[in-house]
Amino acid sequence: MPSTERYAVQTFKRTPTGAFSAGRSIPCKTLQEALAKAEQSCTGKQDSGAAAYLLKGDEYIGETEGPITVGVYGACPPEINDDLPF
């Protein structure tokens, strides 16, 4: 099976101590959808930030490469910003 590209959004919340915890993970069909959902998810009170990811791999056999960060919105853990390829 050939390698496929998928997109996802990971939301983040601030704990009372100021640390970050992962929130919801949202699968997306396109890059535009992932970027829009990431931006939209941190405009409310529930999430402090969100990151959009590109995921490459073969879903059939379960092999995937590490996620590629394609967008960061709001307040996210510092390592998320460090992963931006640009």
# chains A, B, ... in the order shown; residues from 1 in each chain; ligands from 1
call {"tool": "select_by_dssp", "arguments": {"residues": "chain A", "states": "alpha helix (DSSP H)", "output": "list in words"}}
result
Leu31, Gln32, Glu33, Ala34, Leu35, Ala36, Lys37, Ala38, Glu39, Gln40, Ser41, Pro78, Glu79, Ile80, Asn81 and Asp82 of chain A
call {"tool": "residues_around", "arguments": {"residues": "Gly74 (chain A)", "least_positions_apart": "4", "cutoff": "7 Å", "atoms": "only C-alpha atoms", "output": "PDB file with all heavy atoms, in the first residue's frame"}}
result
ATOM      1  N   CYS A  42      -8.651  27.406  19.446  1.00  0.00           N
ATOM      2  CA  CYS A  42      -8.063  28.166  20.562  1.00  0.00           C
ATOM      3  C   CYS A  42      -8.699  29.544  20.719  1.00  0.00           C
ATOM      4  O   CYS A  42      -8.176  30.374  21.459  1.00  0.00           O
ATOM      5  CB  CYS A  42      -6.550  28.254  20.426  1.00  0.00           C
ATOM      6  SG  CYS A  42      -5.964  29.080  18.961  1.00  0.00           S
ATOM      7  N   SER A  48      -6.057  26.397  25.226  1.00  0.00           N
ATOM      8  CA  SER A  48      -5.156  27.555  25.189  1.00  0.00           C
ATOM      9  C   SER A  48      -4.414  27.652  23.862  1.00  0.00           C
ATOM     10  O   SER A  48      -3.954  28.713  23.485  1.00  0.00           O
ATOM     11  CB  SER A  48      -4.139  27.472  26.327  1.00  0.00           C
ATOM     12  OG  SER A  48      -3.282  26.364  26.161  1.00  0.00           O
ATOM     13  N   GLY A  49      -4.314  26.540  23.149  1.00  0.00           N
ATOM     14  CA  GLY A  49      -3.620  26.543  21.869  1.00  0.00           C
ATOM     15  C   GLY A  49      -3.877  25.256  21.110  1.00  0.00           C
ATOM     16  O   GLY A  49      -4.490  24.324  21.629  1.00  0.00           O
ATOM     17  N   ALA A  50      -3.371  25.221  19.879  1.00  0.00           N
ATOM     18  CA  ALA A  50      -3.542  24.037  19.044  1.00  0.00           C
ATOM     19  C   ALA A  50      -2.463  24.013  17.979  1.00  0.00           C
ATOM     20  O   ALA A  50      -1.960  25.053  17.559  1.00  0.00           O
ATOM     21  CB  ALA A  50      -4.924  24.029  18.393  1.00  0.00           C
TER      22      ALA A  50
END
call {"tool": "closest_residue", "arguments": {"among": "A:Glu5, A:Asp47, A:Glu39, A:Glu33", "to": "Ile68 (chain A)", "atoms": "only C-alpha atoms"}}
result
A:Glu5
call {"tool": "closest_residue", "arguments": {"among": "A:Thr43, A:Val70, A:Tyr7, A:Ala51", "to": "Gly23 (chain A)", "atoms": "only C-alpha atoms"}}
result
A:Ala51
call {"tool": "closest_residue", "arguments": {"among": "A:Thr15, A:Leu54, A:Phe20, A:Ser3", "to": "Cys76 (chain A)", "atoms": "only C-alpha atoms"}}
result
A:Phe20
call {"tool": "closest_residue", "arguments": {"among": "A:Ile61, A:Ala19, A:Ala52, A:Ala75", "to": "Lys37 (chain A)", "atoms": "only C-alpha atoms"}}
result
A:Ala52
call {"tool": "closest_residue", "arguments": {"among": "A:Ile26, A:Gly18, A:Glu63, A:Glu79", "to": "Ala38 (chain A)", "atoms": "only C-alpha atoms"}}
result
A:Ile26
call {"tool": "decode", "arguments": {"residues": "region 14-49 of chain A", "atoms": "N, CA and C atoms", "output": "PDB file, in the first residue's frame"}}
result
ATOM      1  N   ARG A  14      -3.861  24.666  29.464  1.00  0.00           N
ATOM      2  CA  ARG A  14      -2.953  25.054  30.551  1.00  0.00           C
ATOM      3  C   ARG A  14      -3.487  24.464  31.847  1.00  0.00           C
ATOM      4  N   THR A  15      -2.593  23.879  32.624  1.00  0.00           N
ATOM      5  CA  THR A  15      -2.974  23.384  33.941  1.00  0.00           C
ATOM      6  C   THR A  15      -2.889  24.535  34.939  1.00  0.00           C
ATOM      7  N   PRO A  16      -3.431  24.384  36.124  1.00  0.00           N
ATOM      8  CA  PRO A  16      -3.333  25.452  37.118  1.00  0.00           C
ATOM      9  C   PRO A  16      -1.897  25.841  37.464  1.00  0.00           C
ATOM     10  N   THR A  17      -0.947  24.923  37.271  1.00  0.00           N
ATOM     11  CA  THR A  17       0.460  25.218  37.555  1.00  0.00           C
ATOM     12  C   THR A  17       1.153  25.913  36.390  1.00  0.00           C
ATOM     13  N   GLY A  18       0.451  26.079  35.275  1.00  0.00           N
ATOM     14  CA  GLY A  18       1.023  26.742  34.106  1.00  0.00           C
ATOM     15  C   GLY A  18       1.630  25.796  33.085  1.00  0.00           C
ATOM     16  N   ALA A  19       1.650  24.510  33.397  1.00  0.00           N
ATOM     17  CA  ALA A  19       2.162  23.519  32.443  1.00  0.00           C
ATOM     18  C   ALA A  19       1.107  23.270  31.361  1.00  0.00           C
ATOM     19  N   PHE A  20       1.511  22.578  30.309  1.00  0.00           N
ATOM     20  CA  PHE A  20       0.585  22.240  29.230  1.00  0.00           C
ATOM     21  C   PHE A  20       0.186  20.771  29.332  1.00  0.00           C
ATOM     22  N   SER A  21      -1.046  20.486  28.972  1.00  0.00           N
ATOM     23  CA  SER A  21      -1.486  19.100  28.826  1.00  0.00           C
ATOM     24  C   SER A  21      -2.194  18.979  27.483  1.00  0.00           C
ATOM     25  N   ALA A  22      -2.043  17.819  26.884  1.00  0.00           N
ATOM     26  CA  ALA A  22      -2.682  17.581  25.590  1.00  0.00           C
ATOM     27  C   ALA A  22      -4.186  17.472  25.781  1.00  0.00           C
ATOM     28  N   GLY A  23      -4.909  18.063  24.861  1.00  0.00           N
ATOM     29  CA  GLY A  23      -6.367  17.996  24.868  1.00  0.00           C
ATOM     30  C   GLY A  23      -6.855  17.013  23.822  1.00  0.00           C
ATOM     31  N   ARG A  24      -7.756  17.474  22.992  1.00  0.00           N
ATOM     32  CA  ARG A  24      -8.349  16.635  21.950  1.00  0.00           C
ATOM     33  C   ARG A  24      -7.412  16.475  20.761  1.00  0.00           C
ATOM     34  N   SER A  25      -7.507  15.343  20.105  1.00  0.00           N
ATOM     35  CA  SER A  25      -6.847  15.112  18.824  1.00  0.00           C
ATOM     36  C   SER A  25      -7.952  15.003  17.781  1.00  0.00           C
ATOM     37  N   ILE A  26      -7.857  15.822  16.734  1.00  0.00           N
ATOM     38  CA  ILE A  26      -8.937  15.921  15.752  1.00  0.00           C
ATOM     39  C   ILE A  26      -8.408  15.533  14.366  1.00  0.00           C
ATOM     40  N   PRO A  27      -8.895  14.442  13.776  1.00  0.00           N
ATOM     41  CA  PRO A  27      -8.467  14.099  12.416  1.00  0.00           C
ATOM     42  C   PRO A  27      -9.067  15.071  11.399  1.00  0.00           C
ATOM     43  N   CYS A  28      -8.297  15.375  10.358  1.00  0.00           N
ATOM     44  CA  CYS A  28      -8.752  16.307   9.311  1.00  0.00           C
ATOM     45  C   CYS A  28      -8.452  15.708   7.944  1.00  0.00           C
ATOM     46  N   LYS A  29      -9.209  16.137   6.953  1.00  0.00           N
ATOM     47  CA  LYS A  29      -9.044  15.601   5.598  1.00  0.00           C
ATOM     48  C   LYS A  29      -8.026  16.379   4.769  1.00  0.00           C
ATOM     49  N   THR A  30      -7.912  17.680   5.014  1.00  0.00           N
ATOM     50  CA  THR A  30      -7.023  18.505   4.199  1.00  0.00           C
ATOM     51  C   THR A  30      -6.175  19.412   5.089  1.00  0.00           C
ATOM     52  N   LEU A  31      -5.134  19.967   4.502  1.00  0.00           N
ATOM     53  CA  LEU A  31      -4.288  20.924   5.211  1.00  0.00           C
ATOM     54  C   LEU A  31      -5.099  22.140   5.622  1.00  0.00           C
ATOM     55  N   GLN A  32      -5.923  22.647   4.725  1.00  0.00           N
ATOM     56  CA  GLN A  32      -6.726  23.830   5.014  1.00  0.00           C
ATOM     57  C   GLN A  32      -7.679  23.577   6.177  1.00  0.00           C
ATOM     58  N   GLU A  33      -8.277  22.406   6.215  1.00  0.00           N
ATOM     59  CA  GLU A  33      -9.181  22.059   7.306  1.00  0.00           C
ATOM     60  C   GLU A  33      -8.418  21.992   8.631  1.00  0.00           C
ATOM     61  N   ALA A  34      -7.235  21.392   8.628  1.00  0.00           N
ATOM     62  CA  ALA A  34      -6.427  21.279   9.850  1.00  0.00           C
ATOM     63  C   ALA A  34      -6.026  22.657  10.368  1.00  0.00           C
ATOM     64  N   LEU A  35      -5.577  23.529   9.478  1.00  0.00           N
ATOM     65  CA  LEU A  35      -5.180  24.873   9.898  1.00  0.00           C
ATOM     66  C   LEU A  35      -6.377  25.660  10.443  1.00  0.00           C
ATOM     67  N   ALA A  36      -7.514  25.554   9.776  1.00  0.00           N
ATOM     68  CA  ALA A  36      -8.715  26.272  10.223  1.00  0.00           C
ATOM     69  C   ALA A  36      -9.202  25.758  11.572  1.00  0.00           C
ATOM     70  N   LYS A  37      -9.218  24.442  11.759  1.00  0.00           N
ATOM     71  CA  LYS A  37      -9.682  23.882  13.029  1.00  0.00           C
ATOM     72  C   LYS A  37      -8.723  24.213  14.164  1.00  0.00           C
ATOM     73  N   ALA A  38      -7.426  24.206  13.889  1.00  0.00           N
ATOM     74  CA  ALA A  38      -6.446  24.557  14.920  1.00  0.00           C
ATOM     75  C   ALA A  38      -6.637  26.004  15.350  1.00  0.00           C
ATOM     76  N   GLU A  39      -6.782  26.889  14.385  1.00  0.00           N
ATOM     77  CA  GLU A  39      -6.972  28.301  14.707  1.00  0.00           C
ATOM     78  C   GLU A  39      -8.290  28.517  15.464  1.00  0.00           C
ATOM     79  N   GLN A  40      -9.342  27.872  15.016  1.00  0.00           N
ATOM     80  CA  GLN A  40     -10.665  28.039  15.626  1.00  0.00           C
ATOM     81  C   GLN A  40     -10.712  27.455  17.034  1.00  0.00           C
ATOM     82  N   SER A  41     -10.009  26.359  17.273  1.00  0.00           N
ATOM     83  CA  SER A  41     -10.132  25.681  18.563  1.00  0.00           C
ATOM     84  C   SER A  41      -9.565  26.495  19.721  1.00  0.00           C
ATOM     85  N   CYS A  42      -8.651  27.406  19.446  1.00  0.00           N
ATOM     86  CA  CYS A  42      -8.063  28.166  20.562  1.00  0.00           C
ATOM     87  C   CYS A  42      -8.699  29.544  20.719  1.00  0.00           C
ATOM     88  N   THR A  43      -9.804  29.797  20.050  1.00  0.00           N
ATOM     89  CA  THR A  43     -10.484  31.079  20.208  1.00  0.00           C
ATOM     90  C   THR A  43     -11.481  31.059  21.360  1.00  0.00           C
ATOM     91  N   GLY A  44     -11.827  29.886  21.861  1.00  0.00           N
ATOM     92  CA  GLY A  44     -12.761  29.783  22.982  1.00  0.00           C
ATOM     93  C   GLY A  44     -12.022  29.722  24.307  1.00  0.00           C
ATOM     94  N   LYS A  45     -12.709  29.289  25.324  1.00  0.00           N
ATOM     95  CA  LYS A  45     -12.129  29.216  26.659  1.00  0.00           C
ATOM     96  C   LYS A  45     -11.585  27.836  26.989  1.00  0.00           C
ATOM     97  N   GLN A  46     -11.933  26.825  26.200  1.00  0.00           N
ATOM     98  CA  GLN A  46     -11.559  25.451  26.533  1.00  0.00           C
ATOM     99  C   GLN A  46     -10.078  25.160  26.284  1.00  0.00           C
ATOM    100  N   ASP A  47      -9.533  25.581  25.164  1.00  0.00           N
ATOM    101  CA  ASP A  47      -8.150  25.263  24.792  1.00  0.00           C
ATOM    102  C   ASP A  47      -7.302  26.523  24.775  1.00  0.00           C
ATOM    103  N   SER A  48      -6.057  26.397  25.226  1.00  0.00           N
ATOM    104  CA  SER A  48      -5.156  27.555  25.189  1.00  0.00           C
ATOM    105  C   SER A  48      -4.414  27.652  23.862  1.00  0.00           C
ATOM    106  N   GLY A  49      -4.314  26.540  23.149  1.00  0.00           N
ATOM    107  CA  GLY A  49      -3.620  26.543  21.869  1.00  0.00           C
ATOM    108  C   GLY A  49      -3.877  25.256  21.110  1.00  0.00           C
TER     109      GLY A  49
END
